[in-house]
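This is upload30.cif (mmCIF, C-alpha atoms).
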```
data_structure
loop_
_atom_site.label_atom_id
_atom_site.label_comp_id
_atom_site.auth_asym_id
_atom_site.auth_seq_id
_atom_site.Cartn_x
_atom_site.Cartn_y
_atom_site.Cartn_z
CA MET B 1 90.98 21.16 87.35
CA PRO B 2 92.94 23.40 89.70
CA PRO B 3 93.89 22.16 93.18
CA THR B 4 92.10 25.21 94.61
CA GLN B 5 88.82 23.44 93.83
CA ALA B 6 89.76 20.35 95.84
CA ALA B 7 87.04 20.80 98.49
CA THR B 8 84.28 21.13 95.89
CA PHE B 9 85.66 18.27 93.87
CA SER B 10 86.14 16.06 96.93
CA ALA B 11 82.51 16.48 98.02
CA PHE B 12 81.24 15.85 94.48
CA ALA B 13 83.41 12.77 93.89
CA LYS B 14 82.55 11.28 97.29
CA ARG B 15 78.82 11.82 96.73
CA LEU B 16 78.90 10.09 93.35
CA PHE B 17 80.85 7.14 94.76
CA VAL B 18 78.36 6.78 97.63
CA GLU B 19 75.37 7.00 95.27
CA THR B 20 76.91 4.39 92.98
CA TYR B 21 78.10 1.81 95.52
CA ALA B 22 76.60 2.32 98.99
CA ALA B 23 73.48 0.21 98.46
CA GLN B 24 75.49 -2.82 97.27
CA ASN B 25 77.84 -2.45 100.25
CA ALA B 26 75.26 -1.72 102.98
CA ASP B 27 76.38 -4.77 104.99
CA ASN B 28 80.00 -3.67 104.64
CA GLN B 29 79.81 -0.15 106.10
CA THR B 30 83.12 -0.24 107.98
CA ASN B 31 85.11 -1.08 104.85
CA PHE B 32 83.04 1.30 102.75
CA ASN B 33 83.73 4.19 105.13
CA ALA B 34 87.43 3.29 105.30
CA TYR B 35 87.65 3.48 101.51
CA LEU B 36 85.88 6.85 101.46
CA ALA B 37 88.31 8.22 104.04
CA GLN B 38 91.38 7.00 102.17
CA SER B 39 90.18 8.12 98.74
CA PHE B 40 88.00 11.23 98.89
CA GLY B 41 89.29 13.59 101.57
CA THR B 42 89.98 17.19 100.54
CA ASP B 43 93.73 16.87 101.18
CA ILE B 44 93.86 13.65 99.16
CA GLN B 45 92.02 15.28 96.28
CA ARG B 46 94.23 18.39 96.44
CA SER B 47 97.28 16.12 96.17
CA GLU B 48 95.79 14.21 93.24
CA LEU B 49 94.81 17.43 91.45
CA SER B 50 98.39 18.71 91.89
CA ASP B 51 99.97 15.49 90.61
CA ARG B 52 101.27 16.01 87.05
CA SER B 53 100.89 12.29 86.28
CA LYS B 54 97.11 12.62 86.70
CA VAL B 55 94.61 14.47 84.53
CA THR B 56 91.24 15.15 86.13
CA MET B 57 88.54 16.63 83.92
CA TRP B 58 85.05 17.54 85.00
CA ALA B 59 82.01 18.64 83.09
CA THR B 60 79.96 21.45 84.58
CA ASP B 61 76.75 23.31 83.97
CA ASP B 62 75.36 26.50 85.52
CA ASN B 63 74.58 24.57 88.72
CA GLY B 64 78.06 23.08 89.19
CA PRO B 65 79.74 19.77 88.36
CA ALA B 66 77.91 17.21 86.23
CA GLY B 67 80.51 14.46 85.81
CA TYR B 68 84.23 13.77 85.81
CA PHE B 69 86.99 11.38 84.89
CA GLN B 70 90.58 10.91 85.95
CA LEU B 71 93.46 9.52 83.90
CA VAL B 72 96.65 8.32 85.59
CA PHE B 73 99.64 8.25 83.27
CA ASP B 74 102.20 6.58 85.51
CA GLN B 75 100.05 3.61 86.50
CA PRO B 76 100.88 0.33 84.74
CA ALA B 77 98.07 -2.07 84.06
CA PRO B 78 97.71 -4.83 86.69
CA ILE B 79 97.74 -7.42 83.91
CA ASP B 80 99.77 -7.72 80.72
CA LEU B 81 98.03 -5.84 77.91
CA ASN B 82 100.87 -6.37 75.39
CA ILE B 83 101.44 -2.64 74.98
CA ASP B 84 104.28 -0.50 76.29
CA SER B 85 102.45 2.67 77.33
CA VAL B 86 99.10 2.58 79.07
CA CYS B 87 97.19 4.92 81.33
CA GLU B 88 94.52 4.08 83.84
CA LEU B 89 91.04 5.55 83.64
CA LYS B 90 90.90 5.61 87.42
CA ARG B 91 87.52 7.24 87.91
CA PHE B 92 84.62 7.87 85.56
CA TYR B 93 81.31 9.23 86.88
CA VAL B 94 78.27 11.15 85.68
CA ASP B 95 75.80 12.71 88.11
CA LYS B 96 72.28 11.24 87.96
CA PRO B 97 70.58 14.30 86.39
CA TRP B 98 73.02 13.99 83.49
CA GLN B 99 72.78 10.24 82.94
CA GLY B 100 71.16 9.42 79.60
CA THR B 101 72.05 12.81 78.07
CA GLY B 102 75.16 11.70 76.18
CA LEU B 103 77.54 13.30 78.67
CA ALA B 104 79.13 9.95 79.54
CA TYR B 105 79.91 9.27 75.87
CA ARG B 106 81.38 12.75 75.42
CA GLN B 107 83.52 12.24 78.53
CA MET B 108 84.68 8.83 77.27
CA GLU B 109 85.56 10.28 73.86
CA HIS B 110 87.58 12.97 75.60
CA ALA B 111 89.36 10.45 77.85
CA ILE B 112 90.27 8.28 74.86
CA GLU B 113 91.48 11.34 72.96
CA GLN B 114 93.69 12.38 75.87
CA ALA B 115 95.25 8.90 75.99
CA ARG B 116 95.77 8.77 72.22
CA LEU B 117 97.37 12.23 72.12
CA ARG B 118 100.01 10.88 74.46
CA ALA B 119 100.30 7.54 72.57
CA PHE B 120 98.93 5.62 75.53
CA GLY B 121 96.54 2.70 75.59
CA LEU B 122 93.73 2.94 78.12
CA TRP B 123 92.71 0.51 80.86
CA LEU B 124 90.31 0.54 83.77
CA GLY B 125 89.03 -1.69 86.52
CA VAL B 126 85.27 -1.95 86.95
CA TRP B 127 83.51 -3.79 89.75
CA SER B 128 82.22 -7.06 88.34
CA GLU B 129 78.85 -6.34 90.02
CA ASN B 130 78.38 -3.05 88.12
CA ALA B 131 76.57 -4.36 85.02
CA HIS B 132 75.45 -0.89 83.90
CA ALA B 133 79.05 0.41 83.76
CA ILE B 134 80.28 -2.76 82.08
CA ARG B 135 77.71 -2.37 79.29
CA PHE B 136 78.75 1.26 78.84
CA TYR B 137 82.47 0.45 78.60
CA GLU B 138 81.81 -2.36 76.14
CA ARG B 139 79.68 -0.05 73.97
CA ALA B 140 82.54 2.47 74.08
CA GLY B 141 84.84 -0.15 72.55
CA LEU B 142 86.77 -1.38 75.58
CA GLN B 143 87.36 -5.10 75.83
CA ARG B 144 87.51 -7.27 78.93
CA ARG B 145 91.06 -8.52 79.39
CA GLY B 146 91.05 -10.14 82.83
CA THR B 147 90.30 -9.66 86.51
CA VAL B 148 92.05 -8.11 89.52
CA THR B 149 91.32 -7.69 93.19
CA PHE B 150 90.10 -4.27 94.34
CA HIS B 151 90.24 -3.55 98.07
CA LEU B 152 87.29 -1.69 99.51
CA GLY B 153 88.90 -1.08 102.88
CA ASP B 154 89.86 -4.60 103.95
CA ASP B 155 87.24 -6.26 101.74
CA PRO B 156 88.69 -7.82 98.57
CA GLN B 157 86.28 -7.45 95.64
CA GLN B 158 86.65 -8.55 92.04
CA ASP B 159 87.16 -5.99 89.30
CA ASP B 160 87.14 -6.76 85.61
CA VAL B 161 89.95 -5.11 83.66
CA TYR B 162 88.85 -3.46 80.41
CA ALA B 163 91.24 -1.98 77.89
CA LEU B 164 91.41 -0.10 74.63
CA THR B 165 94.72 -0.32 72.82
CA TRP B 166 95.89 0.83 69.42
#
```
Entire entry expressed as structure tokens:
Amino acid sequence: MPPTQAATFSAFAKRLFVETYAAQNADNQTNFNAYLAQSFGTDIQRSELSDRSKVTMWATDDNGPAGYFQLVFDQPAPIDLNIDSVCELKRFYVDKPWQGTGLAYRQMEHAIEQARLRAFGLWLGVWSENAHAIRFYERAGLQRRGTVTFHLGDDPQQDDVYALTW
């Protein structure tokens, strides 16, 4: 995805994050808004899209973006996965109209392929409260390997670490 599309991408990514997590963090609005500001601004997204250590892919239809994922190739796993080269699946989202259509599985297959082409294992952190995503990652073949702390603003939350290694 070219950095010139940072504004469009930023708005899309922020909307999907809000739709996914706002309801569960309604009593934590200050931290939620702080995380949005530090993660989804246009300048931040332009920088991430320009970073050669990151690969951001999005699926589109005639109406615009439908889903996206981001791989980070210089990010070591926060726990020992007993593999030398790993990349982080930092973000993985599908817009609601596309959920249940198979797009998520096609995106996951593509993410795994990108990691394998570079001889990297794949890891991700998923909020331990996100049962739907956990089921999806397990069905995709990732295995739970431990837990880490994710900071939503100043609020420490627990993420499960899932990995796929070969």
For Trp166 (chain B), list every protein, DNA or RNA residue within 10 Å, evaluated using all atoms listed in the file, and leave out those in the same chain fewer than 4 positions away; present the list as a tab-separated table (two decimals) with C-alpha atoms, in the coordinates of the input.
```tsv
chain	number	residue	atom	x	y	z
B	83	ILE	CA	101.44	-2.64	74.98
B	116	ARG	CA	95.77	8.77	72.22
B	119	ALA	CA	100.30	7.54	72.57
B	120	PHE	CA	98.93	5.62	75.53
B	121	GLY	CA	96.54	2.70	75.59
B	122	LEU	CA	93.73	2.94	78.12
```
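Picture a line from CA of Asn33 (chain B) to CA of Tyr21 (chain B); it runs 11.4 Å.
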Any chance you could work out the axis-aligned box around region 19-26 of chain B, listed atoms only, 6 Å on each side, giving centre and edge lengths in Å to one decimal, as lines of an AutoDock Vina configuration file?
```
center_x = 75.8
center_y = 2.1
center_z = 98.0
size_x = 16.6
size_y = 21.8
size_z = 22.0
```
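Considering only C-alpha atoms, the residue among B:Asp95, B:Asp159, B:Glu19, B:Asp80 positioned nearest to Thr60 (chain B) is B:Asp95.
The closest residue to Asp51 (chain B), picked from B:Gln24, B:Gln70, B:Gln29, B:Gln99 and counting all atoms listed in the file, is B:Gln70.
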Residue IDs satisfying the PyMOL selection byres ((chain B and resi 98) around 12), as a PyMOL selection string: chain B and resi 59-61+63-68+93-97+99-107
Evaluate the PyMOL selection byres ((chain B and resi 118) around 12) and report residues as a PyMOL selection string: chain B and resi 53+55+71-73+85-87+111-117+119-122+166
Closest of B:Trp127, B:Gln143, B:Asp155, B:Lys14 to Leu81 (chain B) - atom-to-atom distances counting all atoms listed in the file: B:Gln143
Best match for closeness to Gln38 (chain B) among B:Gln75, B:Thr4, B:Gln157, B:Ser10, counting all atoms listed in the file: B:Ser10
Pick from B:Arg144, B:His132, B:Lys54, B:Arg15, whichever lies nearest to Gly41 (chain B) using only C-alpha atoms: B:Arg15
Can region 46-57 of chain B be brought up to all heavy atoms and written out as a PDB file, keeping the file's coordinate frame?
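selection.pdb, freshly written:
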```pdb
ATOM      1  N   ARG B  46      93.303  17.296  96.777  1.00  0.00           N
ATOM      2  CA  ARG B  46      94.230  18.390  96.440  1.00  0.00           C
ATOM      3  C   ARG B  46      95.551  17.805  95.932  1.00  0.00           C
ATOM      4  O   ARG B  46      96.110  18.277  94.938  1.00  0.00           O
ATOM      5  CB  ARG B  46      94.473  19.286  97.651  1.00  0.00           C
ATOM      6  CG  ARG B  46      95.317  20.515  97.334  1.00  0.00           C
ATOM      7  CD  ARG B  46      95.464  21.450  98.520  1.00  0.00           C
ATOM      8  NE  ARG B  46      94.169  22.019  98.899  1.00  0.00           N
ATOM      9  CZ  ARG B  46      93.491  21.698 100.002  1.00  0.00           C
ATOM     10  NH1 ARG B  46      93.981  20.824 100.859  1.00  0.00           N
ATOM     11  NH2 ARG B  46      92.322  22.240 100.263  1.00  0.00           N
ATOM     12  N   SER B  47      96.040  16.774  96.594  1.00  0.00           N
ATOM     13  CA  SER B  47      97.280  16.120  96.170  1.00  0.00           C
ATOM     14  C   SER B  47      97.118  15.501  94.781  1.00  0.00           C
ATOM     15  O   SER B  47      98.000  15.635  93.924  1.00  0.00           O
ATOM     16  CB  SER B  47      97.669  15.049  97.189  1.00  0.00           C
ATOM     17  OG  SER B  47      98.791  14.336  96.748  1.00  0.00           O
ATOM     18  N   GLU B  48      96.011  14.821  94.548  1.00  0.00           N
ATOM     19  CA  GLU B  48      95.790  14.210  93.240  1.00  0.00           C
ATOM     20  C   GLU B  48      95.661  15.270  92.145  1.00  0.00           C
ATOM     21  O   GLU B  48      96.171  15.105  91.042  1.00  0.00           O
ATOM     22  CB  GLU B  48      94.546  13.316  93.261  1.00  0.00           C
ATOM     23  CG  GLU B  48      94.772  12.029  94.024  1.00  0.00           C
ATOM     24  CD  GLU B  48      93.653  11.027  93.867  1.00  0.00           C
ATOM     25  OE1 GLU B  48      92.693  11.281  93.110  1.00  0.00           O
ATOM     26  OE2 GLU B  48      93.743   9.967  94.506  1.00  0.00           O
ATOM     27  N   LEU B  49      94.976  16.368  92.437  1.00  0.00           N
ATOM     28  CA  LEU B  49      94.810  17.430  91.450  1.00  0.00           C
ATOM     29  C   LEU B  49      96.132  18.140  91.155  1.00  0.00           C
ATOM     30  O   LEU B  49      96.293  18.723  90.082  1.00  0.00           O
ATOM     31  CB  LEU B  49      93.756  18.436  91.915  1.00  0.00           C
ATOM     32  CG  LEU B  49      92.332  17.897  92.008  1.00  0.00           C
ATOM     33  CD1 LEU B  49      91.409  18.922  92.656  1.00  0.00           C
ATOM     34  CD2 LEU B  49      91.812  17.495  90.631  1.00  0.00           C
ATOM     35  N   SER B  50      97.073  18.082  92.079  1.00  0.00           N
ATOM     36  CA  SER B  50      98.390  18.710  91.890  1.00  0.00           C
ATOM     37  C   SER B  50      99.380  17.777  91.198  1.00  0.00           C
ATOM     38  O   SER B  50     100.425  18.226  90.725  1.00  0.00           O
ATOM     39  CB  SER B  50      98.970  19.122  93.240  1.00  0.00           C
ATOM     40  OG  SER B  50      98.153  20.056  93.871  1.00  0.00           O
ATOM     41  N   ASP B  51      99.072  16.506  91.151  1.00  0.00           N
ATOM     42  CA  ASP B  51      99.970  15.490  90.610  1.00  0.00           C
ATOM     43  C   ASP B  51      99.985  15.575  89.083  1.00  0.00           C
ATOM     44  O   ASP B  51      98.963  15.362  88.436  1.00  0.00           O
ATOM     45  CB  ASP B  51      99.499  14.113  91.084  1.00  0.00           C
ATOM     46  CG  ASP B  51     100.431  12.995  90.704  1.00  0.00           C
ATOM     47  OD1 ASP B  51     101.236  13.146  89.756  1.00  0.00           O
ATOM     48  OD2 ASP B  51     100.334  11.928  91.342  1.00  0.00           O
ATOM     49  N   ARG B  52     101.148  15.851  88.505  1.00  0.00           N
ATOM     50  CA  ARG B  52     101.270  16.010  87.050  1.00  0.00           C
ATOM     51  C   ARG B  52     101.069  14.697  86.280  1.00  0.00           C
ATOM     52  O   ARG B  52     100.874  14.730  85.069  1.00  0.00           O
ATOM     53  CB  ARG B  52     102.605  16.624  86.686  1.00  0.00           C
ATOM     54  CG  ARG B  52     102.737  18.064  87.158  1.00  0.00           C
ATOM     55  CD  ARG B  52     103.940  18.703  86.487  1.00  0.00           C
ATOM     56  NE  ARG B  52     103.985  20.126  86.654  1.00  0.00           N
ATOM     57  CZ  ARG B  52     103.303  21.002  85.945  1.00  0.00           C
ATOM     58  NH1 ARG B  52     102.477  20.598  85.025  1.00  0.00           N
ATOM     59  NH2 ARG B  52     103.446  22.302  86.151  1.00  0.00           N
ATOM     60  N   SER B  53     101.115  13.560  86.966  1.00  0.00           N
ATOM     61  CA  SER B  53     100.890  12.290  86.280  1.00  0.00           C
ATOM     62  C   SER B  53      99.404  11.966  86.163  1.00  0.00           C
ATOM     63  O   SER B  53      99.034  10.973  85.547  1.00  0.00           O
ATOM     64  CB  SER B  53     101.611  11.151  87.006  1.00  0.00           C
ATOM     65  OG  SER B  53     100.987  10.881  88.251  1.00  0.00           O
ATOM     66  N   LYS B  54      98.563  12.820  86.743  1.00  0.00           N
ATOM     67  CA  LYS B  54      97.110  12.620  86.700  1.00  0.00           C
ATOM     68  C   LYS B  54      96.444  13.785  85.978  1.00  0.00           C
ATOM     69  O   LYS B  54      96.838  14.935  86.139  1.00  0.00           O
ATOM     70  CB  LYS B  54      96.535  12.518  88.112  1.00  0.00           C
ATOM     71  CG  LYS B  54      97.018  11.317  88.891  1.00  0.00           C
ATOM     72  CD  LYS B  54      96.434  11.303  90.290  1.00  0.00           C
ATOM     73  CE  LYS B  54      96.732  10.018  91.008  1.00  0.00           C
ATOM     74  NZ  LYS B  54      98.051   9.958  91.570  1.00  0.00           N
ATOM     75  N   VAL B  55      95.440  13.464  85.187  1.00  0.00           N
ATOM     76  CA  VAL B  55      94.610  14.470  84.530  1.00  0.00           C
ATOM     77  C   VAL B  55      93.190  14.243  85.002  1.00  0.00           C
ATOM     78  O   VAL B  55      92.633  13.167  84.788  1.00  0.00           O
ATOM     79  CB  VAL B  55      94.698  14.370  82.993  1.00  0.00           C
ATOM     80  CG1 VAL B  55      93.704  15.317  82.340  1.00  0.00           C
ATOM     81  CG2 VAL B  55      96.104  14.642  82.507  1.00  0.00           C
ATOM     82  N   THR B  56      92.626  15.238  85.664  1.00  0.00           N
ATOM     83  CA  THR B  56      91.240  15.150  86.130  1.00  0.00           C
ATOM     84  C   THR B  56      90.432  16.188  85.390  1.00  0.00           C
ATOM     85  O   THR B  56      90.749  17.374  85.416  1.00  0.00           O
ATOM     86  CB  THR B  56      91.160  15.388  87.650  1.00  0.00           C
ATOM     87  OG1 THR B  56      92.025  14.463  88.317  1.00  0.00           O
ATOM     88  CG2 THR B  56      89.736  15.193  88.153  1.00  0.00           C
ATOM     89  N   MET B  57      89.400  15.731  84.706  1.00  0.00           N
ATOM     90  CA  MET B  57      88.540  16.630  83.920  1.00  0.00           C
ATOM     91  C   MET B  57      87.121  16.500  84.446  1.00  0.00           C
ATOM     92  O   MET B  57      86.647  15.389  84.698  1.00  0.00           O
ATOM     93  CB  MET B  57      88.557  16.231  82.442  1.00  0.00           C
ATOM     94  CG  MET B  57      89.934  16.072  81.836  1.00  0.00           C
ATOM     95  SD  MET B  57      90.770  17.599  81.442  1.00  0.00           S
ATOM     96  CE  MET B  57      89.743  18.287  80.196  1.00  0.00           C
TER      97      MET B  57
END
```
